[in-house]
Every structure is written in structure tokens, then in C-alpha cells.
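Participant: Let me give you the structure first, and then I'll get to my questions.
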Amino acid sequence: MQGQYIGFSQVIPVGNKLDIKKQISQKDKNIIAFNLENKKLVLKSKIYEASYNILILEKKLKLLTKYERNIKKIQKLSQSLYSYGKSTQNEILDAKIAYSNIQIQKQNLKNMIDNLYLKLEQISYKKIDSLDASLEVEKLVLNMDMENHPKIRMQEEKIRKFNELSKLEIENEKGDIKVNIAYFNRDAKYKDYANVSVSIPLSLYKTEKIKSLKQKIKANEENSKLEDTKQNFKLEVMALQNNINSAYSNYSLINKTIIPLKRKIQKNIENYNSFSTIKPQMAINNLKELISYELKSYDQLKEYFSNYSKSKYYMAEVK
């Protein structure tokens, strides 16, 4: 007996499986989008920090260049006084050492600045030759819109996804209907005929309920992670605000009190008219201390803007 046939089969989903799968697919898409936004915030924070570090180091370099000239003047003064027997050779040597030390510090700063520009190019994919931004500081209150932070929203979307997966496992108890249709064309001795069959798989041992429970457990685990993330965010923002305002207080104290006093002392020393009262060693020592305090003020500025830059990851708004 010879013959030929053609057959078709079709799976007919039962329940809400297709809608749930569509929801899961959308949530996967949202998770990827939120993760990308989170990475952008991390990158933004790093760019801010590198940029402010460069600006502050450039200020330090400019400061040292200014005091380099002051030390050179004291060095010349020491040499003049030495010719009149009003200064010692050690005072001349101390001035030379102080000048050389400034050179070393300047070279270190230049190297750090060059490397930071390279780092900025690495994370921004742009070659940057110079920066310009305000370094004005003030006391800050950091306000975070936590609910709209991409990391929080990504965590929430994961919870929803696992809940949908749990629903899908329950729906899988309802086996999809499979319909098979075949038409047989046989030789002349036999009649053609069509065959229709319907198959409905049975759920054995209720494994879908166990799988559904596992997805629920994963959703609860993600919910616990979400609460931990929110708490950590809150504490991290509070710590950043404390660091910012502490650096602001220290910076203000150094700049408004200590540095003006040290400058006044330096001016008094350098304004002596009598060679007998001029103390080159005193001028050098005070100038060293003045430079040290000015550099410390920039260190506090760096601390301020480092924490401010880190806050950019968390902040929807900074006031």
C-alpha cells in the first residue's frame, strides 16, 4: 500500500501564560535599562571626583610657584646679610633646601595632574586639556530621591519579576492543549481519511507548586536586599554629608583664621628695616608653616569635593 499525507500541529496555551511571559520579558528589559542608568551615575561620580582633584592640584601648583619666588627672595636676602656678617651660612643653605623642596613638590603635583587627566580621558572617552569650575564651598544638606534611584528601581523590578515567575509556575499546572491534524491520501484501493488528535499533558506530583514557592522565596530574598540597600543608601548619604560639612568647617577655620595670622606674621618679619633685626631663619620657618597651612586648606577642599562628587551617585538634588 502506497500513500502520502500532510499533517499540522498547534499548541494552544491555556490560562494567562502568554501575558505573564510578556510581563517577565518587559521586566528583564527594565532591569537592563535601570542597570545601565546606575552605571551612568557611577561614571558621573568618578568624572566629578577626578575633575575636582585636578582643579585643586592645579591650585596647589600655582600656590607653590608663588611661594617659590618668596623663598628665592629670602635666599638672596640671606646672602646679602651674610656679606655683612648678619647671617650664617646655614641660613643660606636652609633657604636653598626649602627652594629645592618646593621644586620636588611641584614635580609631584605635575605628575599627579597629568595622570588624573589621563584617568579622566579613560573614563570619559574624551581628551580634556583643561578644566574650569568653581571651587566655592558652603554647608550642604543632601536630599536624596531614593525611590527614583535606578539601583532601587532595578531591585524592585527584580522582585516583580520573581513574583511573575511564581505565577507562571502555577499557570504551568494547566497543561497546554496540543492539536494534531493529518490528512492521508492513499492509493485507489483505499479511501482517503483525516486524523484529528488532542493531547493534554497532566501535572504530576504538583511540582509546579514547589517551583512557584521557590520563586516566591527568591522574591522575598530580593525584598530583603532592597531594604538593606535603602538603609545603606540612607547611612552612606548621611556620612557623606557629615564629611562634607566637617571639611567645610576645617577649610573655613584654616582660611579665615590661621592663614591670615601666619601671613601677618610673615609680613611683619619681611618688613623689618634694620639688618640687625632681620631673621632669615625666622622668615623661612614661618613661610614653611604658611605654605603647610595653605596646602592643608586645599587638602580640606579636596575632602569636601571628593565627598561631594561621591554624593552625585545618590543625589537627585543637592541643596
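Within each chain, counting starts at residue 1; across the C-alpha cells, chains are named A, B, ... in the order shown, with ligands numbered 1 upward in that order.
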Show which residues sit within 10 Å of Leu213 of chain A, as a PyMOL selection string. Count only C-alpha atoms, and ignore same-chain residues fewer than 3 positions away.
Facilitator: chain A and resi 163+165-167+169-170+207-210+216-219
Participant: What's around Ile291 of chain A at 12 Å? Count only C-alpha atoms, leave out sequence neighbours fewer than 2 positions away in its own chain, and write the answer as a ChimeraX atom specification.
Facilitator: /A:60-68,70-71,98,101-102,105,254,258-259,262-263,266,284-289,293-298
Participant: What does the file look like for those residues with N, CA and C atoms, as a tab-separated table (two decimals), in the first residue's frame?
Facilitator:
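Result saved to again_25.tsv:
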```
chain	number	residue	atom	x	y	z
A	60	LYS	N	47.13	74.07	43.99
A	60	LYS	CA	48.31	73.82	44.81
A	60	LYS	C	49.59	74.18	44.04
A	61	LEU	N	49.63	73.79	42.76
A	61	LEU	CA	50.80	74.06	41.93
A	61	LEU	C	51.02	75.56	41.78
A	62	LYS	N	49.95	76.29	41.58
A	62	LYS	CA	50.03	77.74	41.45
A	62	LYS	C	50.52	78.37	42.76
A	63	LEU	N	50.03	77.83	43.87
A	63	LEU	CA	50.44	78.33	45.19
A	63	LEU	C	51.94	78.13	45.41
A	64	LEU	N	52.44	76.94	45.09
A	64	LEU	CA	53.86	76.66	45.29
A	64	LEU	C	54.74	77.53	44.39
A	65	THR	N	54.25	77.81	43.19
A	65	THR	CA	55.01	78.69	42.29
A	65	THR	C	55.13	80.09	42.88
A	66	LYS	N	54.05	80.55	43.51
A	66	LYS	CA	54.09	81.87	44.15
A	66	LYS	C	55.09	81.89	45.30
A	67	TYR	N	55.06	80.85	46.16
A	67	TYR	CA	55.95	80.83	47.32
A	67	TYR	C	57.38	80.49	46.92
A	68	GLU	N	57.54	79.89	45.78
A	68	GLU	CA	58.88	79.63	45.25
A	68	GLU	C	59.63	80.96	45.08
A	70	ASN	N	58.99	83.73	46.71
A	70	ASN	CA	59.24	84.29	48.05
A	70	ASN	C	60.50	83.69	48.67
A	71	ILE	N	60.65	82.37	48.53
A	71	ILE	CA	61.83	81.72	49.09
A	71	ILE	C	63.10	82.19	48.37
A	98	ALA	N	64.91	74.69	51.21
A	98	ALA	CA	63.47	74.99	51.12
A	98	ALA	C	63.06	75.19	49.66
A	101	ASN	N	63.00	71.82	47.94
A	101	ASN	CA	61.84	71.06	48.38
A	101	ASN	C	60.57	71.48	47.64
A	102	ILE	N	60.47	72.79	47.37
A	102	ILE	CA	59.34	73.30	46.59
A	102	ILE	C	59.37	72.70	45.18
A	105	GLN	N	58.03	69.14	45.32
A	105	GLN	CA	56.58	69.14	45.48
A	105	GLN	C	55.88	69.52	44.18
A	254	ILE	N	40.86	77.27	58.74
A	254	ILE	CA	42.23	77.48	58.26
A	254	ILE	C	42.34	78.77	57.45
A	258	ILE	N	43.71	80.93	60.63
A	258	ILE	CA	45.13	80.56	60.73
A	258	ILE	C	45.97	81.22	59.65
A	259	ILE	N	45.56	81.09	58.39
A	259	ILE	CA	46.36	81.63	57.29
A	259	ILE	C	46.51	83.16	57.36
A	262	LYS	N	49.16	83.85	59.95
A	262	LYS	CA	50.51	83.48	59.50
A	262	LYS	C	51.02	84.46	58.45
A	263	ARG	N	50.12	84.95	57.59
A	263	ARG	CA	50.53	85.95	56.59
A	263	ARG	C	50.93	87.25	57.27
A	266	GLN	N	54.34	86.79	58.67
A	266	GLN	CA	55.32	86.80	57.59
A	266	GLN	C	55.58	88.23	57.12
A	284	ILE	N	62.10	82.01	56.89
A	284	ILE	CA	62.00	80.71	56.21
A	284	ILE	C	61.04	79.79	56.95
A	285	ASN	N	61.21	79.70	58.28
A	285	ASN	CA	60.38	78.79	59.08
A	285	ASN	C	58.89	79.18	59.02
A	286	ASN	N	58.67	80.48	59.15
A	286	ASN	CA	57.27	80.92	59.12
A	286	ASN	C	56.65	80.70	57.73
A	287	LEU	N	57.47	80.93	56.70
A	287	LEU	CA	56.98	80.72	55.33
A	287	LEU	C	56.66	79.24	55.10
A	288	LYS	N	57.51	78.36	55.65
A	288	LYS	CA	57.24	76.91	55.55
A	288	LYS	C	55.90	76.57	56.19
A	289	GLU	N	55.67	77.14	57.37
A	289	GLU	CA	54.41	76.88	58.08
A	289	GLU	C	53.22	77.44	57.31
A	293	TYR	N	50.08	75.29	55.90
A	293	TYR	CA	48.66	75.53	56.21
A	293	TYR	C	47.84	75.77	54.93
A	294	GLU	N	48.43	76.44	53.97
A	294	GLU	CA	47.68	76.66	52.72
A	294	GLU	C	47.46	75.35	51.99
A	295	LEU	N	48.46	74.47	52.04
A	295	LEU	CA	48.29	73.15	51.43
A	295	LEU	C	47.25	72.33	52.19
A	296	LYS	N	47.24	72.48	53.53
A	296	LYS	CA	46.23	71.79	54.33
A	296	LYS	C	44.82	72.28	54.00
A	297	SER	N	44.70	73.56	53.72
A	297	SER	CA	43.38	74.09	53.35
A	297	SER	C	42.91	73.45	52.04
A	298	TYR	N	43.86	73.23	51.10
A	298	TYR	CA	43.50	72.57	49.85
A	298	TYR	C	43.18	71.08	50.07
```
Participant: Leaving out segment 118-127 of chain A and any residue of its chain fewer than 5 positions from it, which residues lie within 12 Å of it when counting only C-alpha atoms, given as a list in words?
Facilitator: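 So the residues in contact are Lys39, Lys40, Val42, Leu43, Lys44, Ser45, Lys46, Ile47, Tyr48, Glu49, Ala50, Ser51, Tyr52, Asn53, Ile54, Asn111, Met112 and Ile113 of chain A.
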Participant: Point out the residue among A:Lys211, A:Pro280, A:Ile24, A:Leu142 with the least atom-to-atom distance to Glu91 of chain A, counting only C-alpha atoms.
Facilitator: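 Looking only at the distances to Glu91 of chain A, the closest residue turns out to be A:Pro280.
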Participant: Which residues, written as a list of chain:residue names, have at least one atom at most 12 Å from Glu138 of chain A, with only C-alpha atoms counted and residues fewer than 5 positions away on the same chain left out?
Facilitator: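 Once the adjacent positions are removed, what remains is A:Gln241, A:Ile244, A:Asn245, A:Ser246, A:Ala247, A:Tyr248, A:Ser249, A:Asn250, A:Tyr251, A:Ser252, A:Leu301, A:Tyr304, A:Phe305, A:Tyr308, A:Val318, A:Lys319.
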Participant: Include C-alpha atoms and write out the residues we just selected as a short mmCIF file (atom, residue, chain, number, x, y, z; two decimals), in the first residue's frame.
Facilitator:
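So the final result, stored in again_4.cif, reads:
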```cif
data_model
loop_
_atom_site.label_atom_id
_atom_site.label_comp_id
_atom_site.auth_asym_id
_atom_site.auth_seq_id
_atom_site.Cartn_x
_atom_site.Cartn_y
_atom_site.Cartn_z
CA GLN A 241 27.06 64.99 54.37
CA ILE A 244 31.40 67.46 53.52
CA ASN A 245 30.40 69.77 56.35
CA SER A 246 33.36 68.74 58.52
CA ALA A 247 35.74 69.56 55.66
CA TYR A 248 33.91 72.85 55.12
CA SER A 249 34.35 73.81 58.81
CA ASN A 250 38.06 72.92 58.78
CA TYR A 251 38.64 74.72 55.48
CA SER A 252 36.91 77.86 56.79
CA LEU A 301 38.94 71.34 49.89
CA TYR A 304 34.95 68.41 50.57
CA PHE A 305 34.73 67.88 46.82
CA TYR A 308 30.52 65.96 47.14
CA VAL A 318 21.74 68.88 46.08
CA LYS A 319 20.83 71.99 48.08
#
```
Participant: Would you give me, as a count of residues only, the residues in segment 50-265 of chain A that DSSP reads as strand (DSSP E)?
Facilitator: 19
Participant: Select from segment 146-186 of chain A everything DSSP, run on the backbone, classes as helix (DSSP H, G or I), then give the selection as a PyMOL selection string.
Facilitator: chain A and resi 146-148+150-171
Participant: Given only C-alpha atoms as the basis, pick out the residue of A:Leu135, A:Asp19, A:Leu253, A:Ser212 nearest to Asn172 of chain A.
Facilitator: A:Ser212
Participant: Between A:Lys312, A:Ile6, A:Lys139, A:Lys27, which residue has the minimum interatomic distance to Ala182 of chain A, considering only C-alpha atoms?
Facilitator: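 Looking only at the distances to Ala182 of chain A, the closest residue turns out to be A:Ile6.
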Participant: Using only C-alpha atoms, which of the listed residues (A:Ile181, A:Lys230, A:Lys96, A:Ile159) sits closest to Asp145 of chain A?
Facilitator: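 Residue with the minimum atom-to-atom distance to Asp145 of chain A: A:Lys230.
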